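J.: model05.txt (compact mmCIF, C-alpha atoms) pasted underneath:
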```
# COMPACT_ATOMS: atom_id res chain seq x y z
CA MET M 95 15.12 25.94 64.85
CA ARG M 96 14.68 29.64 65.52
CA LEU M 97 17.95 31.48 66.08
CA ARG M 98 18.15 34.14 68.76
CA ASN M 99 19.06 37.55 67.41
CA ILE M 100 22.02 39.02 69.28
CA PRO M 101 22.07 42.83 69.35
CA GLY M 102 25.23 44.22 67.80
CA ALA M 103 26.22 40.96 66.07
CA ARG M 104 26.31 42.47 62.59
CA GLU M 105 28.32 45.46 63.77
CA THR M 106 30.86 43.21 65.52
CA ILE M 107 31.21 41.06 62.40
CA ALA M 108 31.67 44.16 60.22
CA GLU M 109 34.60 45.25 62.39
CA SER M 110 36.23 41.83 62.84
CA GLU M 111 39.70 41.24 61.42
CA PHE M 112 38.84 37.56 61.00
CA VAL M 113 36.02 38.24 58.50
CA ILE M 114 36.51 38.94 54.81
CA HIS M 115 34.19 41.70 53.61
CA ASN M 116 33.29 42.51 49.99
CA GLU M 117 34.10 38.87 49.34
CA GLU M 118 33.21 38.96 45.64
CA GLU M 119 36.25 41.18 45.06
CA TYR M 120 38.49 38.24 46.00
CA LYS M 121 37.19 35.80 43.40
CA GLY M 122 40.22 34.11 41.89
CA LYS M 123 42.50 35.86 44.39
CA TRP M 124 42.11 33.85 47.58
CA LYS M 125 45.72 32.72 47.60
CA GLU M 126 46.63 36.39 47.87
CA VAL M 127 44.42 36.70 50.95
CA PHE M 128 46.46 34.00 52.68
CA GLY M 129 49.75 34.98 51.14
CA ASN M 130 50.69 31.47 50.01
CA ASP M 131 49.85 28.69 47.54
CA ASN M 132 48.54 26.21 50.12
CA PRO M 133 45.34 24.24 49.40
CA ILE M 134 42.07 25.94 50.33
CA HIS M 135 39.36 24.02 52.19
CA LEU M 136 35.87 25.46 52.50
CA GLU M 137 33.31 24.71 55.22
CA ILE M 138 29.78 25.75 54.31
CA GLY M 139 27.69 26.38 57.41
CA THR M 140 30.57 26.73 59.84
CA GLY M 141 28.38 27.27 62.89
CA LYS M 142 30.26 28.25 66.04
CA GLY M 143 33.57 27.30 64.47
CA SER M 144 34.74 24.26 66.45
CA PHE M 145 35.32 22.02 63.43
CA ILE M 146 37.08 24.52 61.21
CA MET M 147 39.23 25.95 64.00
CA GLU M 148 40.44 22.51 65.05
CA SER M 149 41.08 21.66 61.39
CA ALA M 150 43.17 24.81 61.03
CA ARG M 151 45.15 23.97 64.19
CA ARG M 152 45.94 20.46 62.99
CA ASN M 153 46.78 21.47 59.43
CA PRO M 154 48.82 24.70 59.32
CA ASP M 155 49.73 24.02 55.68
CA ILE M 156 46.08 24.19 54.60
CA ASN M 157 44.04 27.40 54.34
CA TYR M 158 40.47 27.37 55.61
CA ILE M 159 37.46 29.52 54.80
CA GLY M 160 34.31 29.23 56.89
CA ILE M 161 30.99 30.41 55.45
CA GLU M 162 28.11 31.18 57.81
CA LYS M 163 24.97 33.14 56.94
CA TYR M 164 23.66 33.71 60.46
CA SER M 165 25.31 36.64 62.25
CA SER M 166 24.35 35.41 65.72
CA VAL M 167 26.10 32.08 65.06
CA LEU M 168 29.19 33.49 63.35
CA LEU M 169 29.63 35.85 66.29
CA ARG M 170 30.35 32.85 68.54
CA ALA M 171 33.08 31.63 66.18
CA LEU M 172 34.67 35.07 66.18
CA GLU M 173 34.65 35.16 69.97
CA LYS M 174 36.61 31.89 69.96
CA MET M 175 39.05 33.31 67.42
CA GLU M 176 39.67 36.33 69.66
CA GLU M 177 40.72 33.98 72.46
CA GLU M 178 42.93 31.76 70.28
CA GLU M 179 46.65 31.84 71.03
CA PRO M 180 48.66 31.73 68.90
CA ARG M 181 46.45 33.29 66.25
CA LEU M 182 45.27 31.04 63.43
CA THR M 183 46.62 32.76 60.33
CA ASN M 184 45.26 30.06 57.99
CA LEU M 185 41.57 30.68 58.73
CA VAL M 186 39.10 33.39 57.71
CA PHE M 187 35.32 33.66 57.74
CA ILE M 188 32.69 35.04 55.39
CA ARG M 189 29.14 35.95 56.38
CA MET M 190 27.09 35.03 53.33
CA ASP M 191 24.51 32.67 51.90
CA ALA M 192 26.11 29.65 50.21
CA GLU M 193 23.79 30.13 47.25
CA TYR M 194 26.22 32.76 45.95
CA ILE M 195 29.51 30.86 46.23
CA GLU M 196 30.08 31.00 42.47
CA ASN M 197 30.27 34.79 42.77
CA VAL M 198 33.03 34.46 45.37
CA PHE M 199 35.23 31.59 44.17
CA GLU M 200 36.75 30.94 40.76
CA LYS M 201 36.74 27.57 39.01
CA ASP M 202 39.38 25.22 40.49
CA GLU M 203 40.01 27.60 43.40
CA ILE M 204 38.75 25.31 46.19
CA ASP M 205 40.42 21.98 47.01
CA ASN M 206 37.87 20.39 49.37
CA ILE M 207 34.45 21.22 50.80
CA PHE M 208 32.96 20.24 54.16
CA LEU M 209 29.23 20.17 54.96
CA ASN M 210 28.61 19.47 58.63
CA PHE M 211 25.10 18.95 60.01
CA SER M 212 23.46 21.14 57.40
CA ASP M 213 19.87 22.31 57.68
CA PRO M 214 17.74 19.37 56.39
CA TRP M 215 15.05 21.57 54.84
CA PRO M 216 12.61 18.66 55.30
CA LYS M 217 9.73 19.94 53.17
CA GLU M 218 9.73 18.89 49.53
CA ARG M 219 9.24 22.46 48.33
CA THR M 220 12.48 23.52 50.06
CA ALA M 221 14.57 20.54 48.91
CA LYS M 222 16.51 22.72 46.46
CA ARG M 223 17.96 24.60 49.45
CA ARG M 224 19.65 21.49 50.84
CA LEU M 225 23.41 21.77 50.54
CA THR M 226 23.52 18.33 48.91
CA SER M 227 20.86 19.06 46.30
CA ASP M 228 21.69 18.76 42.61
CA ARG M 229 21.81 22.56 42.36
CA PHE M 230 24.47 22.80 45.04
CA LEU M 231 26.48 19.89 43.66
CA LYS M 232 26.67 21.80 40.39
CA ARG M 233 27.88 24.87 42.25
CA TYR M 234 30.61 22.84 43.90
CA THR M 235 31.71 21.56 40.50
CA ASN M 236 32.09 25.17 39.36
CA ILE M 237 34.48 26.17 42.17
CA MET M 238 36.28 22.97 43.20
CA LYS M 239 39.28 21.29 41.66
CA LYS M 240 38.67 18.05 39.80
CA SER M 241 40.61 16.20 42.48
CA GLY M 242 38.49 17.74 45.23
CA ARG M 243 36.21 15.98 47.69
CA VAL M 244 32.96 16.93 49.39
CA THR M 245 32.63 15.50 52.91
CA PHE M 246 29.13 15.50 54.39
CA LYS M 247 28.10 14.56 57.94
CA THR M 248 24.64 14.48 59.51
CA ASP M 249 22.60 12.65 62.12
CA ASN M 250 19.47 13.05 59.97
CA ILE M 251 19.00 9.72 58.19
CA ASP M 252 16.37 11.05 55.78
CA LEU M 253 18.69 13.85 54.67
CA PHE M 254 21.57 11.39 54.39
CA ASN M 255 19.58 8.96 52.23
CA TYR M 256 18.48 11.86 50.03
CA SER M 257 22.07 13.06 49.74
CA VAL M 258 23.42 9.65 48.75
CA GLU M 259 20.71 9.19 46.11
CA THR M 260 21.21 12.70 44.75
CA ALA M 261 24.96 12.14 44.45
CA LYS M 262 24.31 8.93 42.52
CA GLU M 263 21.75 10.58 40.25
CA CYS M 264 24.26 13.34 39.47
CA ASN M 265 26.95 10.73 38.73
CA TRP M 266 29.21 11.76 41.57
CA ASN M 267 31.52 9.06 42.88
CA ILE M 268 30.74 7.88 46.42
CA LEU M 269 34.12 7.20 47.98
CA VAL M 270 32.92 6.72 51.56
CA GLU M 271 29.45 5.93 52.88
CA THR M 272 28.80 5.03 56.50
CA ARG M 273 25.72 5.24 58.67
CA ASP M 274 27.62 4.88 61.93
CA LEU M 275 30.79 6.94 61.60
CA HIS M 276 31.97 6.62 65.18
CA LYS M 277 32.02 2.83 64.99
CA SER M 278 33.57 2.70 61.53
CA GLU M 279 37.13 2.62 60.22
CA TYR M 280 36.65 6.19 59.00
CA ASN M 281 36.41 7.67 62.50
CA GLU M 282 40.19 7.89 62.94
CA GLY M 283 41.15 11.56 62.83
CA ASN M 284 37.52 12.64 62.75
CA ILE M 285 36.96 16.17 64.10
CA MET M 286 33.61 16.51 65.80
CA THR M 287 31.41 19.58 65.52
CA GLU M 288 29.29 21.01 68.34
CA TYR M 289 26.21 19.27 66.94
CA GLU M 290 28.07 16.02 66.46
CA LYS M 291 29.07 15.91 70.12
CA LYS M 292 25.54 16.77 71.20
CA PHE M 293 23.82 14.22 68.97
CA SER M 294 26.31 11.48 69.80
CA GLN M 295 25.67 11.97 73.51
CA LEU M 296 21.97 11.50 72.77
CA GLY M 297 22.77 8.17 71.12
CA ASN M 298 22.21 9.32 67.55
CA LYS M 299 24.30 7.63 64.88
CA ILE M 300 26.39 9.90 62.71
CA ASN M 301 26.21 9.41 58.94
CA MET M 302 29.02 10.43 56.62
CA MET M 303 29.72 10.35 52.92
CA ILE M 304 32.69 11.55 50.91
CA ILE M 305 32.08 12.15 47.21
CA SER M 306 34.08 13.28 44.18
CA GLN M 307 33.02 14.83 40.90
CA PRO M 308 31.84 12.86 37.89
CA GLU M 309 34.60 12.00 35.46
CA ASN M 310 32.87 13.52 32.44
CA GLU M 311 32.27 16.97 33.93
```
Would it be possible to restate this file's structure as structure tokens?
T.:
Amino acid sequence: MRLRNIPGARETIAESEFVIHNEEEYKGKWKEVFGNDNPIHLEIGTGKGSFIMESARRNPDINYIGIEKYSSVLLRALEKMEEEEPRLTNLVFIRMDAEYIENVFEKDEIDNIFLNFSDPWPKERTAKRRLTSDRFLKRYTNIMKKSGRVTFKTDNIDLFNYSVETAKECNWNILVETRDLHKSEYNEGNIMTEYEKKFSQLGNKINMMIISQPENE
């Protein structure tokens, strides 16, 4: 899907109080950013922000960081943040490519990770760019606490099957696996993203898995 370039998006993001700039300087210091010792949850590919903003509203005792690499998309999340009353003090954004998360977060700094409707990168030659590839699972291991969980949702069954198999091959523990989330026991408390609402209305089933790190890592 080709994203529309929005003039001035980068400039607006650079000036936003809701965006952390020079993010590598905060590696190992994210609790200082929030001013507390609350758990930190990371959403990679935060899109227009619906999921992470609702998560922050429901869980004021959890800190949230949303990563988005596309300026035109992140701009929409920032517009929502500007309208939010009262202000969400437990949520910040970073405009960056997830490939570099190890430069931004220290080992054991992140409690949980959310991957919602990630780009499927369907061609075999681009498989390493999938956020559930073995390369990314290793990156998550290097920043997430041992007790942490990675929650992944998608309507793309091929990507989901790939993700489940990759998790197994990398010896991650599959705690939850469902190919029809909205009709499963795991739907209680589920926060839908923009894509999730859209795809559900089209009749697409939503797949979800929750995984934890291998014991011997």
J.: If you count only C-alpha atoms, which residues fall within 10 Å of region 248-262 of chain M, apart from same-chain ones fewer than 4 positions away, as a compact mmCIF listing (two decimals) with C-alpha atoms, in the frame of the given file?
T.:
```txt
# COMPACT_ATOMS: atom_id res chain seq x y z
CA LEU M 209 29.23 20.17 54.96
CA ASN M 210 28.61 19.47 58.63
CA PHE M 211 25.10 18.95 60.01
CA SER M 212 23.46 21.14 57.40
CA ASP M 213 19.87 22.31 57.68
CA PRO M 214 17.74 19.37 56.39
CA TRP M 215 15.05 21.57 54.84
CA PRO M 216 12.61 18.66 55.30
CA ALA M 221 14.57 20.54 48.91
CA ARG M 224 19.65 21.49 50.84
CA LEU M 225 23.41 21.77 50.54
CA THR M 226 23.52 18.33 48.91
CA SER M 227 20.86 19.06 46.30
CA ASP M 228 21.69 18.76 42.61
CA LEU M 231 26.48 19.89 43.66
CA TRP M 266 29.21 11.76 41.57
CA ASN M 267 31.52 9.06 42.88
CA ILE M 268 30.74 7.88 46.42
CA GLU M 271 29.45 5.93 52.88
CA THR M 272 28.80 5.03 56.50
CA ARG M 273 25.72 5.24 58.67
CA ASP M 274 27.62 4.88 61.93
CA LEU M 275 30.79 6.94 61.60
CA TYR M 289 26.21 19.27 66.94
CA GLU M 290 28.07 16.02 66.46
CA PHE M 293 23.82 14.22 68.97
CA SER M 294 26.31 11.48 69.80
CA ASN M 298 22.21 9.32 67.55
CA LYS M 299 24.30 7.63 64.88
CA ILE M 300 26.39 9.90 62.71
CA ASN M 301 26.21 9.41 58.94
CA MET M 302 29.02 10.43 56.62
CA MET M 303 29.72 10.35 52.92
CA ILE M 304 32.69 11.55 50.91
CA ILE M 305 32.08 12.15 47.21
CA SER M 306 34.08 13.28 44.18
CA GLN M 307 33.02 14.83 40.90
CA PRO M 308 31.84 12.86 37.89
```
J.: In terms of the shortest atom-to-atom distance over only C-alpha atoms, which of M:Lys292, M:Lys232, M:Lys240, M:Lys174 is closest to Ile146 (chain M)?
T.: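 Residue with the minimum atom-to-atom distance to Ile146 (chain M): M:Lys174.
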J.: Any idea what the distance is between CA of Glu111 (chain M) and CA of Asp205 (chain M)?
T.: 24.1 Å
J.: I need the residue nearest Asp155 (chain M) from this list: M:Ile114, M:Ile107, M:Leu182, M:Ala171. Use all atoms listed in the file for the distance.
T.: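 Among the listed residues, M:Leu182 lies closest to Asp155 (chain M).
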J.: By how many Å are CA of Asn184 (chain M) and CA of Asn157 (chain M) apart?
T.: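 Pair CA of Asn184 (chain M) / CA of Asn157 (chain M) returns 4.7 Å.
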J.: Report as a list of chain:residue names all protein, DNA and RNA residues lying within 7 Å of Gly122 (chain M), evaluated on all atoms listed in the file, omitting residues in the same chain fewer than 4 positions from it.
T.: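 Once the adjacent positions are removed, what remains is M:Phe199, M:Glu200, M:Glu203.
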J.: List the neighbours of Asn132 (chain M) out to 9 Å using all atoms listed in the file; skip same-chain residues closer than 2 positions along the sequence, and give me the result as a list in words.
T.: Lys125, Phe128, Gly129, Asn130, Ile134, Asp155, Ile156 and Asn157 of chain M
J.: With distances taken over only C-alpha atoms, which of M:Gly283, M:Gly242, M:Tyr120, M:Ile195 is nearest to Ser149 (chain M)?
T.: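 Selected residue with least distance to Ser149 (chain M): M:Gly283.
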J.: Which one is closest to Val186 (chain M): M:Val198, M:Cys264, M:Arg229, M:Ser110? Count all atoms listed in the file.
T.: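 That would be M:Ser110, the residue with the smallest distance to Val186 (chain M).
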J.: In Å, rounded to a single decimal, give me how far CA of Ile285 (chain M) is from CA of Val113 (chain M).
T.: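 So the two atoms, CA of Val113 (chain M) and CA of Ile285 (chain M), lie 22.8 Å apart.
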J.: Could you check the closest approach to Leu172 (chain M) for each of M:Glu218, M:Glu109, M:Glu263, M:Glu288 and tell me which residue wins, using only C-alpha atoms?
T.: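 Among the listed residues, the smallest separation from Leu172 (chain M) belongs to M:Glu109.
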J.: Given all atoms listed in the file as the basis, pick out the residue of M:Ala103, M:Met286, M:Ile204, M:Leu296 nearest to Gly143 (chain M).
T.: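 Residue with the minimum atom-to-atom distance to Gly143 (chain M): M:Met286.
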J.: I'd like the neighbourhood of Glu162 (chain M) as a list in words, where a residue qualifies if any of its atoms comes within 10 Å (using only C-alpha atoms), though same-chain residues fewer than 4 positions away should be ignored.
T.: Glu137, Ile138, Gly139, Thr140, Gly141, Lys142, Gly143, Ser166, Val167, Leu168, Leu169, Ala171, Phe187, Ile188, Arg189, Met190, Asp191 and Ala192 of chain M
